[in-house]
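Asks: Just dropping this structure here.
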Amino acid sequence: MMNWKKTAFSYLIWFLYTILTGVGLFIVTEGICAAAGLGDYMGIVSAVGYVAVAGGMAFGLHRFTVSCASYTEEKRVHFTVLGALLAVALFAVGFFLRLQGISGAEHSSSVYYEAAKVTEGQSIPQTVHGAVYFYVRLLHVVFRLLGNYASAGIWVQIVLQMAASLLLFLVVKRSAGLAASLVVLGFCMCAPFMVQSSLALSPQMLYFFLLTVAVSFMEAGYRDRKVKDGEEEKGKTPGLSLNVCFFTGVLAALCCYVDILGISLLLAAVGGVFCHRENAVSAGRKAAGALLCVAGAAAAFAVCIFLDAGMSGKTVQGVAFAWLSLYRPDGFQLPASAGVSGSVIENCLLFGIMAFGIFSFWFEKGKERISAGVLAACGIMAAGCFGIFTEEMPGFFFLYLAFVVLAGIGFGQCFHAKPVKQRETPVAEEKPDWEILIESKEEEQRKKEQPEGTEKKQVQFLENPLPLPKKHVKRIMDYSLPPEQKENDDFDIPVAEDDDFDI
């Protein structure tokens, strides 16, 4: 579910994906044709026709997406809101389907109910399988709080599955897009196989929840982020934190100790170190991240063994040998069935949507997203053939989930298109309102003075025949009276007191 750079290995993965999809479609169509009384060759013809129709639809969806790639931000928000409403509707439908099946599931007996119910003098049995032990512990706590009701255990199943489906929806949405996540959520909520799995007590639902929590942390740790230099953001550049690498290895080891299926999570954690963009992270840092991931997994696995030995009162060698004996291969044997109890229509729809991925793989030149899902599916099938899985967790449920995720990614890749770059127009400087008002008034006055349809004549000025004005020079009053007159400069003439000339 991570974005990888296409290499020669990516095309080998696509070849394996095509074989898985083709074989799955052939098995489904052959069963339909056999039920209808048709020959085996009609199964091959039907599968080929199904793939051809899916290819045409995939190219049509991609062409439509390319033509609409220049949507404005407002329209993109509308599509996001529509997708959110559809997700809420799928959750509501899934909850309603499970609510209808609770009444029939309450009366079914289960060994997990007998092992977890609260009775006098009963204790939780110690089992080597970690998933079974923790699941019985969880049910025992629920029965102690709510009573020995089978419906309480069923509700635990439903809550675990719906919470895990929500986390899986968010992970697929961030890594593969909204369309892919809606397909995954649709199968998780509405598929008959998923509904039946939530109504039967099994440690698979608890492990499903633990896996999705671990994958969510891994995806958040490896996700590309904006790196800040001081206070300014330099742009979106992926980084690789060595602490994250070590922590993802620890999570993978914890899941692996609970059940052997966690090895696939460890492989994904190591592979996620190398899925960063080219030249974004140095090769030395990637190698250091991979080593730290493996070291964290080894250290966490050793800690789990020591804790298990201390809590159970057994030796460390005994606990390690018991874990290895639990998952020891029993020899190669092809499984009698795929383990999926869904209807024929459900399986036909699943592999039919996976057929979109055969063609959508080529729509993006530099990216591919199916490596983790294909490797996980192949690993689960190989482990099932060698008898590594236990009866409590046969692995078919997680194989179904791998196919569901691949179907969502294959369908979602049809909607990936680069937006058309538009020419950047220079932004004019904003003028104040008073200046805009004056310019508009001047334009109106100019239109009134000049009738429409007439051109304004250019005015030609004559040359000035007069000389240009001289520069003004300030004059200074530097003249003075003759010296002989300075003695008679007294103009204050004395006047008698009885002089009345001004009357």
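Chain identifiers are assigned as A, B, and so on, following the order in which chains appear in the structure tokens; residues are numbered from 1 within each chain, and ligands are numbered from 1 in order of appearance.
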Would you please give, as a PyMOL selection string, all residues of stretch 257-391 of chain A that DSSP assigns to alpha helix (DSSP H) based on the backbone?
Replies: chain A and resi 257-258+262-273+283-312+316-326+344-354+356-360+371-385
Asks: Please, what distance in Å, to one decimal, runs between atom CA of A:Ile370 and atom CA of A:Val405?
Replies: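 Distance reported for this atom pair: 8.9 Å.
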Asks: Excluding stretch 125-130 of chain A and any residue of its chain fewer than 4 positions from it, enumerate the residues within 9 Å of it, using only C-alpha atoms, and give them as a list in words.
Replies: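 So, after excluding close chain neighbours, the residues are Ala115, Phe134, Tyr135, Val136, Tyr257, Val258, Asp259, Ser312, Val319, Ala322, Trp323, Leu326, Thr390 and Glu392 of chain A.
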Asks: Keeping N, CA and C atoms for every residue in the selection just given, could you write it to a file as a PDB file, in the first residue's frame?
Replies:
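Contents of the output file out_17.pdb:
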ATOM      1  N   ALA A 115     -14.116 -21.212  26.930  1.00  0.00           N
ATOM      2  CA  ALA A 115     -12.831 -20.964  27.586  1.00  0.00           C
ATOM      3  C   ALA A 115     -12.787 -19.625  28.294  1.00  0.00           C
ATOM      4  N   PHE A 134      -4.529 -13.965  23.894  1.00  0.00           N
ATOM      5  CA  PHE A 134      -4.993 -12.592  24.126  1.00  0.00           C
ATOM      6  C   PHE A 134      -6.478 -12.434  23.808  1.00  0.00           C
ATOM      7  N   TYR A 135      -6.965 -13.182  22.832  1.00  0.00           N
ATOM      8  CA  TYR A 135      -8.389 -13.089  22.486  1.00  0.00           C
ATOM      9  C   TYR A 135      -9.258 -13.656  23.609  1.00  0.00           C
ATOM     10  N   VAL A 136      -8.854 -14.800  24.164  1.00  0.00           N
ATOM     11  CA  VAL A 136      -9.613 -15.370  25.283  1.00  0.00           C
ATOM     12  C   VAL A 136      -9.546 -14.441  26.489  1.00  0.00           C
ATOM     13  N   TYR A 257       5.120 -12.189  16.837  1.00  0.00           N
ATOM     14  CA  TYR A 257       5.098 -13.084  17.992  1.00  0.00           C
ATOM     15  C   TYR A 257       3.673 -13.533  18.307  1.00  0.00           C
ATOM     16  N   VAL A 258       2.711 -12.660  18.058  1.00  0.00           N
ATOM     17  CA  VAL A 258       1.312 -13.036  18.286  1.00  0.00           C
ATOM     18  C   VAL A 258       0.860 -14.057  17.257  1.00  0.00           C
ATOM     19  N   ASP A 259       1.291 -13.904  15.999  1.00  0.00           N
ATOM     20  CA  ASP A 259       0.983 -14.877  14.957  1.00  0.00           C
ATOM     21  C   ASP A 259       2.046 -14.757  13.877  1.00  0.00           C
ATOM     22  N   SER A 312       4.959 -17.189  32.393  1.00  0.00           N
ATOM     23  CA  SER A 312       4.449 -18.564  32.391  1.00  0.00           C
ATOM     24  C   SER A 312       5.252 -19.498  33.285  1.00  0.00           C
ATOM     25  N   VAL A 319      10.155 -21.760  25.710  1.00  0.00           N
ATOM     26  CA  VAL A 319       9.200 -20.869  25.044  1.00  0.00           C
ATOM     27  C   VAL A 319       9.570 -20.695  23.576  1.00  0.00           C
ATOM     28  N   ALA A 322       8.735 -23.896  21.704  1.00  0.00           N
ATOM     29  CA  ALA A 322       7.290 -24.065  21.533  1.00  0.00           C
ATOM     30  C   ALA A 322       6.762 -23.170  20.415  1.00  0.00           C
ATOM     31  N   TRP A 323       7.294 -21.937  20.319  1.00  0.00           N
ATOM     32  CA  TRP A 323       6.853 -21.037  19.248  1.00  0.00           C
ATOM     33  C   TRP A 323       7.260 -21.575  17.889  1.00  0.00           C
ATOM     34  N   LEU A 326       5.115 -24.569  16.865  1.00  0.00           N
ATOM     35  CA  LEU A 326       3.741 -24.246  16.494  1.00  0.00           C
ATOM     36  C   LEU A 326       3.629 -23.945  15.011  1.00  0.00           C
ATOM     37  N   THR A 390      -2.036 -22.117  11.660  1.00  0.00           N
ATOM     38  CA  THR A 390      -2.713 -22.989  12.633  1.00  0.00           C
ATOM     39  C   THR A 390      -4.198 -23.100  12.304  1.00  0.00           C
ATOM     40  N   GLU A 392      -6.603 -22.324  14.331  1.00  0.00           N
ATOM     41  CA  GLU A 392      -7.307 -21.155  14.867  1.00  0.00           C
ATOM     42  C   GLU A 392      -7.256 -19.969  13.900  1.00  0.00           C
TER      43      GLU A 392
END
Asks: Separation of atom CA of A:Ala176 and atom CA of A:Pro394, in Å?
Replies: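 According to the coordinates, atom CA of A:Ala176 and atom CA of A:Pro394 are separated by 28.3 Å.
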